[in-house]
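> If it helps, the file is called model_16.cif and holds mmCIF, C-alpha atoms and all ligand atoms:
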data_structure
loop_
_atom_site.label_atom_id
_atom_site.label_comp_id
_atom_site.auth_asym_id
_atom_site.auth_seq_id
_atom_site.Cartn_x
_atom_site.Cartn_y
_atom_site.Cartn_z
CA MET Q 1 23.31 -5.39 0.54
CA GLY Q 2 20.93 -5.29 -2.38
CA ILE Q 3 19.31 -8.07 -4.40
CA THR Q 4 20.30 -9.89 -7.55
CA SER Q 5 17.97 -10.28 -10.55
CA ASP Q 6 17.31 -13.85 -9.38
CA HIS Q 7 16.06 -12.55 -6.06
CA LYS Q 8 13.99 -9.94 -7.88
CA SER Q 9 12.14 -12.46 -9.98
CA ARG Q 10 11.66 -14.79 -7.00
CA LYS Q 11 10.15 -11.90 -5.02
CA ASN Q 12 7.94 -10.94 -7.98
CA ILE Q 13 6.64 -14.48 -8.35
CA THR Q 14 6.12 -15.02 -4.61
CA ARG Q 15 4.22 -11.77 -4.24
CA ALA Q 16 2.12 -12.42 -7.34
CA LEU Q 17 1.27 -15.90 -5.98
CA PHE Q 18 0.20 -14.53 -2.60
CA GLN Q 19 -1.89 -11.82 -4.23
CA GLY Q 20 -3.45 -14.27 -6.70
CA VAL Q 21 -4.42 -16.78 -3.99
CA PHE Q 22 -5.94 -14.13 -1.72
CA LEU Q 23 -7.80 -12.56 -4.66
CA LEU Q 24 -9.33 -15.97 -5.43
CA VAL Q 25 -10.32 -16.38 -1.77
CA PHE Q 26 -11.92 -12.93 -1.89
CA VAL Q 27 -13.86 -13.71 -5.10
CA PHE Q 28 -14.95 -17.07 -3.66
CA LEU Q 29 -16.28 -15.46 -0.48
CA ALA Q 30 -18.00 -12.73 -2.54
CA LEU Q 31 -19.74 -15.35 -4.72
CA GLN Q 32 -20.81 -17.25 -1.59
CA GLY Q 33 -22.17 -14.03 -0.09
CA ARG Q 34 -19.86 -14.52 2.91
CA LEU Q 35 -17.58 -11.57 2.40
CA GLN Q 36 -18.08 -10.47 5.99
CA LEU Q 37 -15.61 -13.26 6.84
CA TRP Q 38 -12.98 -11.06 5.22
CA ILE Q 39 -13.38 -8.69 8.18
CA LEU Q 40 -11.52 -11.28 10.25
CA LEU Q 41 -8.56 -11.19 7.87
CA LEU Q 42 -8.74 -7.43 7.80
CA GLY Q 43 -8.72 -7.29 11.60
CA LEU Q 44 -5.67 -9.57 11.68
CA GLY Q 45 -3.99 -7.34 9.08
CA ILE Q 46 -4.61 -4.26 11.23
CA LEU Q 47 -3.36 -5.91 14.43
CA GLY Q 48 -0.44 -7.45 12.54
CA GLY Q 49 0.51 -3.94 11.42
CA VAL Q 50 2.30 -3.60 14.76
CA PHE Q 51 4.76 -6.32 13.67
CA PHE Q 52 4.62 -6.32 9.89
CA GLY Q 53 3.57 -2.78 8.89
CA ARG Q 54 1.25 -2.58 5.89
CA LEU Q 55 2.18 -6.02 4.61
CA TYR Q 56 -1.56 -6.77 4.19
CA CYS Q 57 -1.83 -3.91 1.64
CA GLY Q 58 1.10 -5.10 -0.44
CA TRP Q 59 0.50 -8.86 -0.33
CA ILE Q 60 -3.11 -9.69 0.58
CA CYS Q 61 -5.58 -6.87 -0.11
CA PRO Q 62 -7.72 -7.55 -3.22
CA MET Q 63 -7.76 -3.83 -3.94
CA GLY Q 64 -3.95 -3.74 -3.92
CA THR Q 65 -3.87 -6.71 -6.29
CA VAL Q 66 -6.31 -5.18 -8.77
CA MET Q 67 -4.47 -1.86 -8.56
CA ARG Q 68 -1.14 -3.56 -9.24
CA LEU Q 69 -2.67 -5.18 -12.30
CA GLU Q 70 -4.10 -1.84 -13.45
CA SER Q 71 -0.69 -0.18 -13.01
CA TRP Q 72 0.98 -2.95 -15.00
CA ILE Q 73 -1.52 -2.53 -17.86
CA TYR Q 74 -1.12 1.25 -17.89
CA ARG Q 75 2.67 0.88 -17.91
CA LYS Q 76 2.47 -1.51 -20.88
CA LEU Q 77 0.18 0.92 -22.72
CA GLY Q 78 2.47 3.83 -21.84
CA ILE Q 79 -0.41 5.74 -20.21
CA GLN Q 80 0.50 8.12 -17.39
CA ARG Q 81 -2.02 8.68 -14.63
CA LYS Q 82 -1.98 11.77 -12.42
CA ASN Q 83 -2.68 12.37 -8.78
CA PRO Q 84 -5.62 14.51 -7.71
CA VAL Q 85 -4.43 18.07 -6.91
CA LEU Q 86 -5.13 17.38 -3.24
CA MET Q 87 -2.54 14.62 -3.21
CA ASN Q 88 0.33 16.79 -4.39
CA GLU Q 89 2.70 16.66 -1.47
CA ASP Q 90 2.32 20.34 -0.96
CA ARG Q 91 2.33 20.63 2.83
CA LYS Q 92 -0.81 22.77 2.92
CA ASN Q 93 -2.71 19.88 1.30
CA LYS Q 94 -1.50 17.44 3.92
CA ARG Q 95 -4.04 18.42 6.55
CA TYR Q 96 -6.91 18.03 4.04
CA VAL Q 97 -5.66 14.57 3.16
CA GLN Q 98 -5.46 13.72 6.87
CA LEU Q 99 -9.01 15.00 7.37
CA LEU Q 100 -10.24 12.91 4.44
CA GLN Q 101 -8.42 9.87 5.87
CA MET Q 102 -10.13 10.25 9.24
CA VAL Q 103 -13.58 10.85 7.72
CA LEU Q 104 -13.33 7.75 5.50
CA LEU Q 105 -11.94 5.72 8.39
CA LEU Q 106 -14.88 6.64 10.63
CA VAL Q 107 -17.47 6.21 7.86
CA PHE Q 108 -16.15 2.78 6.87
CA PHE Q 109 -15.64 1.24 10.29
CA GLY Q 110 -18.78 2.96 11.67
CA GLY Q 111 -20.65 1.53 8.66
CA VAL Q 112 -19.28 -1.98 9.24
CA ILE Q 113 -20.37 -1.89 12.91
CA ALA Q 114 -23.81 -0.49 11.98
CA THR Q 115 -24.46 -3.07 9.26
CA GLN Q 116 -23.49 -5.90 11.64
CA ARG Q 117 -25.47 -4.46 14.54
CA PHE Q 118 -28.68 -3.82 12.60
CA GLY Q 119 -28.37 -6.68 10.10
CA ILE Q 120 -28.28 -4.34 7.08
CA ARG Q 121 -27.41 -6.29 3.94
CA ILE Q 122 -24.91 -3.92 2.32
CA ASN Q 123 -21.47 -5.29 1.64
CA LEU Q 124 -19.21 -2.39 2.49
CA ILE Q 125 -16.02 -4.36 1.82
CA LEU Q 126 -17.02 -5.15 -1.75
CA PHE Q 127 -18.13 -1.54 -2.21
CA LEU Q 128 -14.74 -0.32 -0.97
CA VAL Q 129 -12.81 -2.70 -3.24
CA LEU Q 130 -14.78 -1.46 -6.25
CA LEU Q 131 -14.28 2.15 -5.19
CA GLY Q 132 -10.51 1.71 -4.75
CA SER Q 133 -10.05 -0.14 -8.03
CA GLY Q 134 -12.25 2.41 -9.83
CA THR Q 135 -10.28 5.33 -8.40
CA SER Q 136 -7.08 3.78 -9.74
CA LEU Q 137 -8.51 3.67 -13.24
CA VAL Q 138 -8.18 7.45 -13.26
CA PHE Q 139 -5.53 8.31 -10.68
CA LYS Q 140 -2.16 6.83 -9.63
CA GLU Q 141 -2.23 3.98 -7.11
CA GLU Q 142 -1.01 6.19 -4.30
CA ALA Q 143 -4.14 8.37 -4.50
CA TRP Q 144 -6.17 5.49 -3.06
CA HIS Q 145 -3.45 3.96 -0.86
CA ARG Q 146 -3.23 7.29 1.01
CA ILE Q 147 -6.91 7.49 1.92
CA CYS Q 148 -8.05 3.85 2.04
CA PRO Q 149 -9.65 3.23 5.46
CA HIS Q 150 -8.00 -0.22 5.78
CA GLY Q 151 -4.61 1.25 4.89
CA VAL Q 152 -4.99 4.24 7.22
CA ALA Q 153 -5.90 1.89 10.10
CA MET Q 154 -2.81 -0.18 9.29
CA SER Q 155 -0.60 2.90 9.14
CA LEU Q 156 -1.75 3.67 12.69
CA THR Q 157 -0.73 0.24 14.02
CA ALA Q 158 2.39 0.24 11.82
CA GLY Q 159 3.35 3.49 13.56
CA VAL Q 160 4.06 1.49 16.72
CA LYS Q 161 7.69 1.12 15.72
CA LYS Q 162 9.22 -0.67 18.68
CA LEU Q 163 7.72 -4.08 17.89
CA LYS Q 164 8.32 -3.96 14.15
CA SER Q 165 10.18 -6.95 12.79
CA LYS Q 166 11.98 -6.52 9.46
CA LYS Q 167 11.54 -3.38 7.40
CA LEU Q 168 12.90 -1.77 4.25
CA ILE Q 169 15.64 0.75 4.88
CA ILE Q 170 17.87 2.86 2.63
CA GLU Q 171 21.56 2.69 3.38
CA LYS Q 172 22.68 6.29 3.31
CA GLU Q 173 26.36 5.55 2.69
CA SER Q 174 25.68 4.01 -0.70
CA CYS Q 175 22.56 5.93 -1.85
CA ILE Q 176 23.43 8.19 -4.80
CA GLY Q 177 20.19 10.17 -4.58
CA CYS Q 178 18.91 9.25 -8.05
CA GLY Q 179 15.27 9.14 -6.88
CA LYS Q 180 14.35 5.99 -8.82
CA CYS Q 181 12.94 4.40 -5.65
CA GLU Q 182 10.71 7.42 -5.06
CA LYS Q 183 9.33 7.24 -8.60
CA VAL Q 184 8.20 3.62 -8.35
CA CYS Q 185 6.80 3.73 -4.81
CA PRO Q 186 3.02 3.24 -4.95
CA ASN Q 187 2.39 5.02 -1.67
CA LEU Q 188 4.73 8.04 -1.48
CA ALA Q 189 6.62 6.21 1.28
CA VAL Q 190 10.04 7.24 -0.06
CA VAL Q 191 10.97 10.79 0.86
CA LYS Q 192 13.97 13.08 0.37
CA GLU Q 193 16.04 13.77 3.45
CA GLU Q 194 16.10 17.43 4.31
CA GLY Q 195 18.79 19.36 2.45
CA SER Q 196 19.98 16.41 0.36
CA ASN Q 197 18.98 14.03 -2.42
CA ILE Q 198 19.42 10.98 -0.22
CA ARG Q 199 16.12 9.16 0.27
CA SER Q 200 14.61 7.44 3.28
CA ILE Q 201 11.54 5.26 3.78
CA VAL Q 202 8.59 6.17 6.01
CA THR Q 203 7.98 2.75 7.54
CA LYS Q 204 4.34 3.29 8.53
CA ASP Q 205 3.44 4.06 4.91
CA CYS Q 206 5.54 1.28 3.35
CA LEU Q 207 3.53 -1.55 1.75
CA THR Q 208 6.55 -3.90 1.71
CA CYS Q 209 6.09 -4.32 -2.05
CA PHE Q 210 9.88 -4.23 -2.75
CA GLU Q 211 9.40 -2.10 -5.88
CA CYS Q 212 11.95 0.45 -4.60
CA GLN Q 213 14.48 -2.27 -3.88
CA LYS Q 214 14.09 -3.63 -7.42
CA ALA Q 215 14.52 -0.15 -8.91
CA CYS Q 216 17.64 0.91 -6.98
CA PRO Q 217 20.63 0.84 -9.35
CA VAL Q 218 23.22 0.60 -6.57
CA HIS Q 219 21.49 -1.91 -4.28
CA SER Q 220 21.13 0.56 -1.42
CA ILE Q 221 17.83 -0.73 -0.13
CA ALA Q 222 17.89 -3.52 2.42
CA TYR Q 223 15.17 -5.50 4.19
CA ARG Q 224 16.19 -6.26 7.74
S1 LIG A 301 8.99 2.17 0.20
FE1 LIG A 301 9.51 0.54 -1.26
S2 LIG A 301 8.61 -1.32 -0.41
FE2 LIG A 301 7.68 0.42 0.64
S3 LIG A 301 5.81 0.87 -0.52
FE3 LIG A 301 7.38 2.16 -1.37
S4 LIG A 301 8.24 0.98 -3.08
FE4 LIG A 301 7.06 -0.46 -1.81
S1 LIG A 302 17.10 4.30 -6.01
FE1 LIG A 302 18.73 3.72 -4.60
S2 LIG A 302 20.36 5.18 -5.03
FE2 LIG A 302 18.50 6.02 -5.98
S3 LIG A 302 17.69 7.42 -4.39
FE3 LIG A 302 16.72 5.40 -4.09
S4 LIG A 302 18.00 4.35 -2.57
FE4 LIG A 302 19.17 6.07 -3.36
#
Transcribe the structure of this file into structure tokens.


Amino acid sequence: MGITSDHKSRKNITRALFQGVFLLVFVFLALQGRLQLWILLLGLGILGGVFFGRLYCGWICPMGTVMRLESWIYRKLGIQRKNPVLMNEDRKNKRYVQLLQMVLLLVFFGGVIATQRFGIRINLILFLVLLGSGTSLVFKEEAWHRICPHGVAMSLTAGVKKLKSKKLIIEKESCIGCGKCEKVCPNLAVVKEEGSNIRSIVTKDCLTCFECQKACPVHSIAYR
């Protein structure tokens, strides 16, 4: 079963509220110079990935919030952003993207450990948020979502499928293969099934943002 327009606006408002509150917490901690506390939330987000997938990315992450705002502004201005050539889902590019993901993952988490261990006063989290938001000024959201070290770490825990609670799924019987869900997905998590136009959702990449569900004209996307 799909959602009514009432549900859509309730989901929009609830998500915007969550994102707004966590963005304020992030700004507060940054102003207090205590942003390292965010690492705790980040750690919980990564561990929680086992149960909730990349919910942190879609509902809590300050980068995700700023990027959502950027996308909204670009949509209003009618400006189309592109993906870097590397991100085109050409299979031969996939291994380069995976390599980039691993390098950034190691650099970021290695950097966090090193700064804590040696008391270096560089705030890598703030740096990463600025980098992600800056990237999205030029490229589509998914360009950063695919390589973000936090997101990649969460995709790894989200890949442990057995414990996952609710997730977004496409009901194949009613999907008409229009591709609207794929177009609005900010993380290339909606893919075509082989040999057909029917779509399915790659759970480990899904940010639980509900954009696909809102876009589906025949209410084929369920959350259960
Ligand atoms: S699959 Fe749907 S809910 Fe998941 S990230 Fe894409 S648009 Fe958002
Ligand atoms: S928007 Fe709905 S009908 Fe269209 S491809 Fe996606 S799930 Fe299928």

> Ligand LIG 301 (chain A): which residues are within 7 Å, counting only C-alpha atoms and all ligand atoms? Reply as a PyMOL selection string.

chain Q and resi 168+181+184-190+201+205-213

> Counting only C-alpha atoms, which residue out of Q:Val85, Q:Glu182, Q:Pro217, Q:Ile176 sits closest to Ser196 in chain Q?

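Nearest candidate to Ser196 in chain Q out of Q:Val85, Q:Glu182, Q:Pro217, Q:Ile176: Q:Ile176.
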
> Using only C-alpha atoms and all ligand atoms, determine which residues fall within 9 Å of ligand LIG 302 (chain A), then list them as an MDAnalysis selection string.

chainID Q and resid 169:172 174:183 190 192 197:200 212:221

> So how many Å separate CA of Asn123 in chain Q and CA of Phe52 in chain Q, to one decimal?

27.4 Å

> List every residue of range 55-92 of chain Q that has an atom at most 8 Å from any atom of range 9-24 of chain Q, giving for each one its closest atom pair and the distance in Å to one decimal, counting all atoms listed in the file, sorted by chain and then by ascending residue number, as a Markdown table.


| residue | atom | partner | partner_atom | distance |
| --- | --- | --- | --- | --- |
| Q:Trp59 | CA | Q:Gln19 | CA | 5.4 |
| Q:Ile60 | CA | Q:Gln19 | CA | 5.4 |
| Q:Cys61 | CA | Q:Gln19 | CA | 7.4 |
| Q:Pro62 | CA | Q:Leu23 | CA | 5.2 |
| Q:Thr65 | CA | Q:Gln19 | CA | 5.9 |

> I'd like the interatomic distance between CA of Gln98 in chain Q and CA of Glu142 in chain Q, to a tenth of an Å.

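So the two atoms, CA of Gln98 in chain Q and CA of Glu142 in chain Q, lie 14.2 Å apart.
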
> Kindly give the distance, in Å, that separates CA of Cys148 in chain Q and CA of Gln101 in chain Q, rounded to a single decimal.

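One can read the CA of Cys148 in chain Q to CA of Gln101 in chain Q distance as 7.1 Å.
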
> So which one's closest to Ser165 in chain Q, Q:Leu40, Q:Leu55, Q:Leu130, Q:Ile147? Using all atoms listed in the file, please.

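That would be Q:Leu55, the residue with the smallest distance to Ser165 in chain Q.
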